[in-house]
Structures are given as C-alpha cells and as structure tokens.
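Below: one structure, written as structure tokens.
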Amino acid sequence: MVKNLLLIRHADAQMPQKNERDFGRKLSEKGKSESALLGEYLKKLPFKIDTIYTSPSVRTLQTCAEIIQQLEVAPRIISSEEYYEATRNVMMAAVNRVDDIFENVAIVAHNPSISNLYEYLTGDSQGGFVTGACAWLQVTAEQWEEVSGGTAETKDYYYPGMSSK
C-alpha cells in the first residue's frame, strides 16, 4: 500500500517582539501569502490530505489555517507539542505512531526537524527547507510503524514562489 507523507515547514514568521517567546511568533504578511500558495499547491495533488499533524506554535497553526482555506475538504488537524523543537528521533517516532486509517498525511513543523526527518527518510539532503516548503514523499508500507530510514521516495518538492515545471 502506498502512503503519502507531506513534510512542511511553517511559513515565514514575524521577528520576535521584545519579551515575546518564540512559540508565540505569528506569521508575517509574507508568511500568509506563502501559506495560501502552499494550499493551492496541495489542492492540486492527486490525493486529498486525511490529516495534518502540527506543532502547536502560533505560526504552525496559522500556516495550517491558511492552507485549509485553499483546500476543498478540510483535513483533521492534530496538534502536539512533540512537533515543537523535535529531534529527528522524536519526529520519526511520531510518524511511526500515525493511525493506519490515514493514508495521506501532512506534518507542519519547524526546521531543523523537518529537514532532518526528510534526510533520514529519503537518504537525500535537501539542504534545509525554506519557509513554506513542502516535500511530498511516498512510502510503500501497510502500516506507518514500518516506515524507517531510507524507505521514502521524493515525488515532489515545492516552495512558494518557485517557477512552474
């Protein structure tokens, strides 16, 4: 069975204000635009996203909200603190715990977590994800717990503003 995994870095965020925690940073105007473009890209994929797992930081939740506005069917959103400042091992454990009822899953999180997970799953170096970037990976597995290093194939890589193919 083929499963689709979208690894998404949150869109551009405002610089932190005095005494503002990183967790509370909001999307910039550029980030709102990036998120909308990302949503348009995701809408054109040959499958519908079942669920989005996300960090609960303000900028990741805002990225999700902007994306969903572009989609025809809103996926389930599951927010978990484990996606905030996560190590590659934590991210991989989260992938392995995805419910098997979901075949098409997106993760919206932060760098370097997203880049490190991408490199582990594909064996390729993307060189870091710019804000609003998305890697579409496919894995052949019956269950998410079977997904491990080197088992994913990159089907596409998108970032807002890239030229059309």
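So you can find residues: chains in the structure tokens are A, B, ... in the order shown, residues in each start at 1, and ligands are numbered from 1 in order.
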What's the 7 Å shell around range 51-59 of chain A, counting only C-alpha atoms, without same-chain residues fewer than 5 positions away, as a PDB file with C-alpha atoms, in the first residue's frame?
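The file below, around.pdb, is the result:
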ATOM      1  CA  HIS A  10       5.767  26.592   8.577  1.00  0.00           C
ATOM      2  CA  ALA A  13       7.052  34.349  10.755  1.00  0.00           C
ATOM      3  CA  PHE A  23       6.425  29.789  20.466  1.00  0.00           C
ATOM      4  CA  GLY A  24       4.075  32.782  20.094  1.00  0.00           C
ATOM      5  CA  ARG A  25       5.524  34.248  16.887  1.00  0.00           C
ATOM      6  CA  LYS A  26       2.835  34.950  14.275  1.00  0.00           C
ATOM      7  CA  LEU A  27       3.011  34.689  10.503  1.00  0.00           C
ATOM      8  CA  PRO A  75      -8.403  17.538   6.851  1.00  0.00           C
ATOM      9  CA  ARG A  76      -8.373  16.692  10.533  1.00  0.00           C
ATOM     10  CA  ILE A  77      -5.820  18.765  12.473  1.00  0.00           C
ATOM     11  CA  ILE A  78      -3.907  17.088  15.293  1.00  0.00           C
ATOM     12  CA  SER A  79      -1.664  19.381  17.307  1.00  0.00           C
ATOM     13  CA  SER A  80       1.043  18.009  19.572  1.00  0.00           C
ATOM     14  CA  GLU A  81       3.872  19.649  21.476  1.00  0.00           C
ATOM     15  CA  TYR A  83       6.495  18.616  16.958  1.00  0.00           C
ATOM     16  CA  TYR A  84       7.917  21.795  18.522  1.00  0.00           C
ATOM     17  CA  VAL A 105      -0.642  12.703   6.000  1.00  0.00           C
ATOM     18  CA  ALA A 106       0.974  16.115   6.342  1.00  0.00           C
ATOM     19  CA  ILE A 107       3.281  17.273   9.105  1.00  0.00           C
ATOM     20  CA  VAL A 108       3.662  21.027   9.641  1.00  0.00           C
ATOM     21  CA  ALA A 109       6.601  21.761  11.889  1.00  0.00           C
TER      22      ALA A 109
END
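Around Gln143 in chain A, within 9 Å and counting only C-alpha atoms, the residues found are Met1, Lys3, Asn96, Val98, Asp99, Asp100 and Val147 of chain A, once anything fewer than 4 positions away on its own chain is removed.
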May I have a table of the residues of range 118-153 of chain A lying at most 10 Å from range 32-44 of chain A, giving each one's closest pair of atoms and their distance in Å to one decimal, counting only C-alpha atoms, ordered by chain and ascending residue number, as a Markdown table?
| residue | atom | partner | partner_atom | distance |
| --- | --- | --- | --- | --- |
| A:Thr131 | CA | A:Glu34 | CA | 7.9 |
| A:Gly132 | CA | A:Glu34 | CA | 5.8 |
| A:Ala133 | CA | A:Leu38 | CA | 7.7 |
| A:Cys134 | CA | A:Leu38 | CA | 7.9 |
| A:Trp136 | CA | A:Leu42 | CA | 9.6 |
Include N, CA and C atoms and write out the residues we just selected as a PDB file, in the first residue's frame.
ATOM      1  N   THR A 131      11.038  28.606   4.349  1.00  0.00           N
ATOM      2  CA  THR A 131       9.700  28.725   4.930  1.00  0.00           C
ATOM      3  C   THR A 131       8.642  28.438   3.866  1.00  0.00           C
ATOM      4  N   GLY A 132       7.619  27.695   4.272  1.00  0.00           N
ATOM      5  CA  GLY A 132       6.524  27.352   3.372  1.00  0.00           C
ATOM      6  C   GLY A 132       6.834  26.230   2.412  1.00  0.00           C
ATOM      7  N   ALA A 133       7.983  25.573   2.551  1.00  0.00           N
ATOM      8  CA  ALA A 133       8.362  24.489   1.641  1.00  0.00           C
ATOM      9  C   ALA A 133       7.654  23.190   2.020  1.00  0.00           C
ATOM     10  N   CYS A 134       7.475  22.346   1.008  1.00  0.00           N
ATOM     11  CA  CYS A 134       6.802  21.066   1.204  1.00  0.00           C
ATOM     12  C   CYS A 134       7.483  19.993   0.371  1.00  0.00           C
ATOM     13  N   TRP A 136       6.886  16.159  -0.860  1.00  0.00           N
ATOM     14  CA  TRP A 136       5.906  15.081  -0.996  1.00  0.00           C
ATOM     15  C   TRP A 136       6.686  13.784  -1.098  1.00  0.00           C
TER      16      TRP A 136
END
Give me, as a list in words, all polymer residues having an atom no more than 10 Å from Thr151 in chain A, counting only C-alpha atoms and skipping those fewer than 5 positions away in the same chain.
Tyr120, Leu121, Thr122, Gly123, Leu137, Gln138, Val139, Thr140, Ala141 and Glu146 of chain A
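Note that CA of Asp12 in chain A and CA of Phe102 in chain A are 28.1 Å apart.
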Identify, on the basis of only C-alpha atoms, every residue whose closest approach to Leu117 in chain A does not exceed 7 Å; exclude the query and any residue fewer than 2 positions from it along the same chain; express the result as a list in words.
Arg88, Met91, Met92, Ser113, Ile114, Ser115, Glu119, Tyr120 and Leu121 of chain A
Please list as a VMD selection string every residue within 9 Å of Tyr118 in chain A, counting only C-alpha atoms and excluding residues in the same chain fewer than 6 positions away.
chain A and resid 7 124 to 126 135 137 152
Residues just named, written with N, CA and C atoms as a PDB file, in the first residue's frame:
ATOM      1  N   LEU A   7       5.948  16.691   4.176  1.00  0.00           N
ATOM      2  CA  LEU A   7       6.725  17.351   5.216  1.00  0.00           C
ATOM      3  C   LEU A   7       6.759  18.833   4.895  1.00  0.00           C
ATOM      4  N   ASP A 124      18.493  11.539   1.211  1.00  0.00           N
ATOM      5  CA  ASP A 124      18.945  12.691   0.422  1.00  0.00           C
ATOM      6  C   ASP A 124      19.007  13.932   1.291  1.00  0.00           C
ATOM      7  N   SER A 125      19.902  14.826   0.940  1.00  0.00           N
ATOM      8  CA  SER A 125      19.984  16.107   1.638  1.00  0.00           C
ATOM      9  C   SER A 125      19.269  17.166   0.827  1.00  0.00           C
ATOM     10  N   GLN A 126      18.293  17.803   1.416  1.00  0.00           N
ATOM     11  CA  GLN A 126      17.554  18.878   0.747  1.00  0.00           C
ATOM     12  C   GLN A 126      18.259  20.205   0.972  1.00  0.00           C
ATOM     13  N   ALA A 135       7.827  18.888   1.006  1.00  0.00           N
ATOM     14  CA  ALA A 135       8.326  17.720   0.294  1.00  0.00           C
ATOM     15  C   ALA A 135       7.227  16.662   0.312  1.00  0.00           C
ATOM     16  N   LEU A 137       6.512  12.944  -0.093  1.00  0.00           N
ATOM     17  CA  LEU A 137       7.187  11.644  -0.041  1.00  0.00           C
ATOM     18  C   LEU A 137       6.172  10.529  -0.186  1.00  0.00           C
ATOM     19  N   ALA A 152      11.563   6.149   1.978  1.00  0.00           N
ATOM     20  CA  ALA A 152      10.684   7.098   1.287  1.00  0.00           C
ATOM     21  C   ALA A 152      11.303   7.569  -0.028  1.00  0.00           C
TER      22      ALA A 152
END
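Rounded to one decimal, CA of Leu6 in chain A and CA of Gln70 in chain A lie 16.2 Å from each other.
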What residues in range 40-155 of chain A get the DSSP label alpha helix (DSSP H)? Please answer as a PyMOL selection string.
chain A and resi 40-43+58-70+88-96+113-122
Atomic distance CA of Lys18 in chain A - CA of Ala86 in chain A, expressed in Å with one decimal
24.9 Å
Using only C-alpha atoms, the best pick from A:Thr87, A:Thr154, A:Asn19, A:Ser148 as closest to Asn111 in chain A would be A:Thr87
Among the residues of range 87-127 of chain A, find those DSSP assigns to strand (DSSP E or B) from the backbone and print them as a PyMOL selection string.
chain A and resi 104-109
Take the selection from the previous step and output its residues with N, CA, C and O atoms, as a PDB file, in the first residue's frame.
ATOM      1  N   ASN A 104      -2.849   9.572   3.680  1.00  0.00           N
ATOM      2  CA  ASN A 104      -2.269  10.806   3.160  1.00  0.00           C
ATOM      3  C   ASN A 104      -2.128  11.813   4.293  1.00  0.00           C
ATOM      4  O   ASN A 104      -3.109  12.422   4.714  1.00  0.00           O
ATOM      5  N   VAL A 105      -0.906  11.964   4.772  1.00  0.00           N
ATOM      6  CA  VAL A 105      -0.642  12.703   6.000  1.00  0.00           C
ATOM      7  C   VAL A 105       0.320  13.852   5.743  1.00  0.00           C
ATOM      8  O   VAL A 105       1.290  13.706   4.992  1.00  0.00           O
ATOM      9  N   ALA A 106       0.051  14.984   6.368  1.00  0.00           N
ATOM     10  CA  ALA A 106       0.974  16.115   6.342  1.00  0.00           C
ATOM     11  C   ALA A 106       1.470  16.384   7.758  1.00  0.00           C
ATOM     12  O   ALA A 106       0.735  16.173   8.726  1.00  0.00           O
ATOM     13  N   ILE A 107       2.711  16.815   7.841  1.00  0.00           N
ATOM     14  CA  ILE A 107       3.281  17.273   9.105  1.00  0.00           C
ATOM     15  C   ILE A 107       3.747  18.702   8.887  1.00  0.00           C
ATOM     16  O   ILE A 107       4.535  18.974   7.973  1.00  0.00           O
ATOM     17  N   VAL A 108       3.236  19.632   9.698  1.00  0.00           N
ATOM     18  CA  VAL A 108       3.662  21.027   9.641  1.00  0.00           C
ATOM     19  C   VAL A 108       4.454  21.300  10.915  1.00  0.00           C
ATOM     20  O   VAL A 108       3.910  21.239  12.014  1.00  0.00           O
ATOM     21  N   ALA A 109       5.735  21.575  10.725  1.00  0.00           N
ATOM     22  CA  ALA A 109       6.601  21.761  11.889  1.00  0.00           C
ATOM     23  C   ALA A 109       7.724  22.735  11.533  1.00  0.00           C
ATOM     24  O   ALA A 109       7.550  23.596  10.665  1.00  0.00           O
TER      25      ALA A 109
END
